[in-house]
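**Q** File follows, input06.cif with mmCIF, C-alpha atoms:
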```
data_run
#
loop_
_atom_site.label_atom_id
_atom_site.label_comp_id
_atom_site.auth_asym_id
_atom_site.auth_seq_id
_atom_site.Cartn_x
_atom_site.Cartn_y
_atom_site.Cartn_z
CA MET T 1002 -2.53 36.94 -52.34
CA LYS T 1003 -1.05 33.44 -52.89
CA LYS T 1004 2.31 34.66 -51.55
CA LEU T 1005 0.63 36.01 -48.40
CA ILE T 1006 -1.24 32.74 -47.74
CA THR T 1007 1.87 30.66 -48.46
CA GLY T 1008 3.91 32.88 -46.13
CA CYS T 1009 1.33 32.50 -43.34
CA ILE T 1010 1.25 28.71 -43.72
CA LEU T 1011 5.05 28.48 -43.65
CA THR T 1012 5.19 30.73 -40.56
CA VAL T 1013 2.60 28.66 -38.66
CA PHE T 1014 4.33 25.41 -39.65
CA SER T 1015 7.74 26.77 -38.57
CA LEU T 1016 6.38 27.95 -35.20
CA ALA T 1017 4.70 24.60 -34.57
CA LEU T 1018 7.90 22.74 -35.40
CA TRP T 1019 9.96 25.04 -33.18
CA ALA T 1020 7.50 24.70 -30.28
CA ALA T 1021 7.58 20.90 -30.54
CA THR T 1022 11.36 20.88 -30.09
CA VAL T 1023 11.63 23.27 -27.14
CA THR T 1024 8.69 22.39 -24.90
CA ASP T 1025 9.16 20.12 -21.92
CA PRO T 1026 6.78 17.24 -21.23
CA ILE T 1027 3.86 18.16 -19.01
CA PRO T 1028 4.48 16.93 -15.44
CA ILE T 1029 2.01 14.45 -13.98
CA LEU T 1030 0.36 15.45 -10.72
CA ASP T 1031 0.34 12.84 -8.00
CA SER T 1032 -3.22 11.99 -6.99
CA ASP T 1033 -2.75 12.04 -3.21
CA CYS T 1034 -0.19 14.80 -2.88
CA CYS T 1035 0.54 18.19 -4.31
CA SER T 1036 4.06 17.34 -5.49
CA LEU T 1037 4.98 16.25 -8.98
CA SER T 1038 5.39 12.52 -9.44
CA THR T 1039 8.69 11.20 -10.71
CA PRO T 1040 8.67 9.29 -14.01
CA TYR T 1041 9.76 5.63 -14.00
CA ASN T 1042 13.17 6.17 -15.68
CA THR T 1043 14.00 9.09 -13.39
CA THR T 1044 13.19 6.97 -10.33
CA LEU T 1045 15.58 4.29 -11.58
CA GLU T 1046 18.27 6.98 -11.87
CA MET T 1047 17.56 8.74 -8.56
CA LEU T 1048 17.07 5.76 -6.24
CA PRO T 1049 20.59 4.25 -6.36
CA GLY T 1050 22.81 5.60 -3.60
CA GLU T 1051 23.07 5.67 0.16
CA TRP T 1052 20.00 6.65 2.20
CA GLN T 1053 19.49 7.08 5.95
CA LYS T 1054 16.33 7.18 8.01
CA GLY T 1055 16.55 10.18 10.31
CA PHE T 1056 19.74 11.92 11.30
CA ASN T 1057 21.06 9.80 14.17
CA ALA T 1058 23.83 7.22 13.82
CA ASP T 1059 21.56 4.49 15.23
CA GLU T 1060 18.95 4.90 12.46
CA PRO T 1061 18.70 2.38 9.58
CA PHE T 1062 21.04 2.91 6.64
CA LEU T 1063 20.09 1.73 3.12
CA THR T 1064 22.17 1.35 0.00
CA PHE T 1065 20.48 0.83 -3.36
CA LYS T 1066 22.92 -0.08 -6.13
CA SER T 1067 22.23 0.48 -9.82
CA ASP T 1068 22.79 -3.25 -10.49
CA GLY T 1069 19.56 -4.00 -8.55
CA SER T 1070 21.14 -5.10 -5.26
CA TYR T 1071 20.56 -3.46 -1.91
CA ALA T 1072 21.74 -3.62 1.69
CA ILE T 1073 20.00 -2.42 4.85
CA MET T 1074 22.13 -1.87 7.91
CA ASP T 1075 19.95 -1.74 11.01
CA PHE T 1076 20.53 -1.77 14.74
CA SER T 1077 19.15 -3.83 17.58
CA GLU T 1078 20.03 -4.49 21.20
CA ALA T 1079 22.46 -7.16 19.98
CA GLY T 1080 24.24 -4.68 17.68
CA TYR T 1081 24.39 -4.06 13.97
CA PHE T 1082 22.92 -6.43 11.41
CA ILE T 1083 22.77 -6.25 7.61
CA LYS T 1084 20.00 -7.51 5.33
CA THR T 1085 20.70 -7.85 1.62
CA GLY T 1086 18.73 -8.68 -1.48
CA ARG T 1087 17.50 -7.40 -4.83
CA TRP T 1088 15.31 -4.36 -5.55
CA THR T 1089 13.13 -3.54 -8.53
CA LEU T 1090 10.35 -1.16 -9.44
CA ALA T 1091 6.91 -2.52 -10.25
CA GLU T 1092 5.50 -1.73 -13.67
CA ASP T 1093 3.54 1.19 -12.18
CA GLY T 1094 6.89 2.88 -11.46
CA THR T 1095 5.82 3.92 -7.96
CA THR T 1096 6.13 0.65 -6.04
CA LEU T 1097 9.53 -0.43 -4.75
CA LEU T 1098 9.86 -4.20 -4.43
CA LEU T 1099 12.49 -5.68 -2.10
CA ASN T 1100 13.33 -9.38 -2.45
CA MET T 1101 15.43 -10.23 0.58
CA ALA T 1102 18.18 -12.83 0.46
CA ASP T 1103 16.47 -14.70 3.34
CA GLY T 1104 13.33 -15.16 1.20
CA ASP T 1105 11.20 -12.37 2.66
CA PHE T 1106 9.50 -9.89 0.35
CA LEU T 1107 8.61 -6.24 1.06
CA ALA T 1108 6.78 -3.68 -1.03
CA TYR T 1109 6.73 0.10 -0.52
CA ASN T 1110 4.87 2.86 -2.33
CA ILE T 1111 7.22 5.67 -3.31
CA LYS T 1112 5.24 8.65 -2.06
CA TYR T 1113 7.94 11.23 -2.73
CA LEU T 1114 11.35 11.27 -4.42
CA GLU T 1115 13.10 14.55 -5.09
CA LEU T 1116 16.79 15.46 -4.91
CA ASP T 1117 17.92 13.97 -1.59
CA GLU T 1118 14.55 13.10 -0.02
CA LEU T 1119 12.61 9.84 -0.27
CA VAL T 1120 9.34 8.90 1.43
CA LEU T 1121 8.31 5.24 1.39
CA SER T 1122 4.98 3.90 2.60
CA PRO T 1123 4.58 0.15 3.32
CA VAL T 1124 2.04 -1.38 0.95
CA ASN T 1125 0.49 -3.41 3.78
CA GLY T 1126 0.00 -0.20 5.80
CA LYS T 1127 1.08 -1.84 9.08
CA LYS T 1128 3.85 0.67 9.79
CA GLY T 1129 4.12 4.39 9.19
CA ASP T 1130 5.94 6.15 6.39
CA LEU T 1131 9.74 6.02 6.16
CA PHE T 1132 11.41 9.39 5.61
CA LEU T 1133 14.89 8.94 4.13
CA ASN T 1134 17.68 11.37 3.26
CA LYS T 1135 20.31 10.68 0.62
CA LEU T 1136 23.85 10.86 1.94
#
```
Spell out the structure here as structure tokens.
**A**
Amino acid sequence: MKKLITGCILTVFSLALWAATVTDPIPILDSDCCSLSTPYNTTLEMLPGEWQKGFNADEPFLTFKSDGSYAIMDFSEAGYFIKTGRWTLAEDGTTLLLNMADGDFLAYNIKYLELDELVLSPVNGKKGDLFLNKL
């Protein structure tokens, strides 16, 4: 009987140990959307790169570098202009903070970030969401 109980305990312990090594973390559901939210470290890995609003050549073009710098190339009646500065994520991991070289400061909620799609919503709510595609 002792061998049977010992065998059962060892089996349960082995299965628990195996399960702990092969299970993935449980994804966190975003409160205002049905998509899975992206963890902080993954956002830091996925955000760097070149992004464009829309699909036309006259749409804004953003570059986020992994060193924390960024550049926005936009268009106006006078032609092209470039804004530069530093970007960071707030501690909540879902707010993108842009410190512009000219002293301005912008904050956007990251509503969605998957593969090559990014949706940013201005924190002040004055403008609509920005839908960006990674190039």
**Q** So what does the PyMOL selection byres ((chain T and resi 1100) around 9) actually pick up in this one, as a PyMOL selection string?
**A** chain T and resi 1085-1089+1098-1099+1101-1108
**Q** Running the PyMOL selection byres ((chain T and resi 1125-1131) around 12) on this model by hand, what would come out? Give it as an mmCIF file with C-alpha atoms, in the coordinates of the input.
**A**
```
data_model
loop_
_atom_site.group_PDB
_atom_site.id
_atom_site.type_symbol
_atom_site.label_atom_id
_atom_site.label_comp_id
_atom_site.auth_asym_id
_atom_site.auth_seq_id
_atom_site.Cartn_x
_atom_site.Cartn_y
_atom_site.Cartn_z
ATOM 1 C CA TRP T 1052 20.000 6.650 2.200
ATOM 2 C CA GLN T 1053 19.490 7.080 5.950
ATOM 3 C CA LYS T 1054 16.330 7.180 8.010
ATOM 4 C CA GLY T 1055 16.550 10.180 10.310
ATOM 5 C CA GLU T 1060 18.950 4.900 12.460
ATOM 6 C CA PRO T 1061 18.700 2.380 9.580
ATOM 7 C CA PHE T 1062 21.040 2.910 6.640
ATOM 8 C CA LEU T 1063 20.090 1.730 3.120
ATOM 9 C CA PHE T 1106 9.500 -9.890 0.350
ATOM 10 C CA LEU T 1107 8.610 -6.240 1.060
ATOM 11 C CA ALA T 1108 6.780 -3.680 -1.030
ATOM 12 C CA TYR T 1109 6.730 0.100 -0.520
ATOM 13 C CA ASN T 1110 4.870 2.860 -2.330
ATOM 14 C CA ILE T 1111 7.220 5.670 -3.310
ATOM 15 C CA LYS T 1112 5.240 8.650 -2.060
ATOM 16 C CA TYR T 1113 7.940 11.230 -2.730
ATOM 17 C CA LEU T 1114 11.350 11.270 -4.420
ATOM 18 C CA GLU T 1118 14.550 13.100 -0.020
ATOM 19 C CA LEU T 1119 12.610 9.840 -0.270
ATOM 20 C CA VAL T 1120 9.340 8.900 1.430
ATOM 21 C CA LEU T 1121 8.310 5.240 1.390
ATOM 22 C CA SER T 1122 4.980 3.900 2.600
ATOM 23 C CA PRO T 1123 4.580 0.150 3.320
ATOM 24 C CA VAL T 1124 2.040 -1.380 0.950
ATOM 25 C CA PHE T 1132 11.410 9.390 5.610
ATOM 26 C CA LEU T 1133 14.890 8.940 4.130
ATOM 27 C CA ASN T 1134 17.680 11.370 3.260
#
```
**Q** For CA of Leu1045 (chain T) and CA of Asp1117 (chain T), quote the distance in Å rounded to one decimal.
**A**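 A separation of 14.1 Å between them.
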**Q** Here's the selection I'm unsure about, the PyMOL selection byres ((chain T and resi 1072) around 8); applied to the file above, which residues does it give, as a PDB file with C-alpha atoms, in the coordinates of the input?
**A**
```pdb
ATOM      1  CA  LEU T1063      20.090   1.730   3.120  1.00  0.00           C
ATOM      2  CA  THR T1064      22.170   1.350   0.000  1.00  0.00           C
ATOM      3  CA  PHE T1065      20.480   0.830  -3.360  1.00  0.00           C
ATOM      4  CA  SER T1070      21.140  -5.100  -5.260  1.00  0.00           C
ATOM      5  CA  TYR T1071      20.560  -3.460  -1.910  1.00  0.00           C
ATOM      6  CA  ILE T1073      20.000  -2.420   4.850  1.00  0.00           C
ATOM      7  CA  MET T1074      22.130  -1.870   7.910  1.00  0.00           C
ATOM      8  CA  ILE T1083      22.770  -6.250   7.610  1.00  0.00           C
ATOM      9  CA  LYS T1084      20.000  -7.510   5.330  1.00  0.00           C
ATOM     10  CA  THR T1085      20.700  -7.850   1.620  1.00  0.00           C
ATOM     11  CA  GLY T1086      18.730  -8.680  -1.480  1.00  0.00           C
TER      12      GLY T1086
END
```
**Q** Hey, can you check how far CA of Asp1068 (chain T) sits from CA of Lys1135 (chain T)?
**A**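 Rounded to one decimal, the two atoms are 18.0 Å apart.
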**Q** Out of T:Phe1076, T:Tyr1081, T:Leu1116, T:Lys1066, which residue has the shortest atom-to-atom distance to Glu1051 (chain T) when counting all atoms listed in the file?
**A**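 Checking each candidate against Glu1051 (chain T), we get T:Lys1066 as the closest.
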**Q** Between CA of Glu1092 (chain T) and CA of Glu1115 (chain T), what is the spacing in Å?
**A** 19.9 Å
**Q** With 4 Å added on each side, what axis-aligned box encloses every listed atom of region 1075-1086 of chain T? Give the centre and edge lengths in Å to one decimal, as AutoDock Vina command-line options.
**A**
```
--center_x 21.6 --center_y -5.2 --center_z 9.9 --size_x 13.7 --size_y 14.9 --size_z 30.7
```
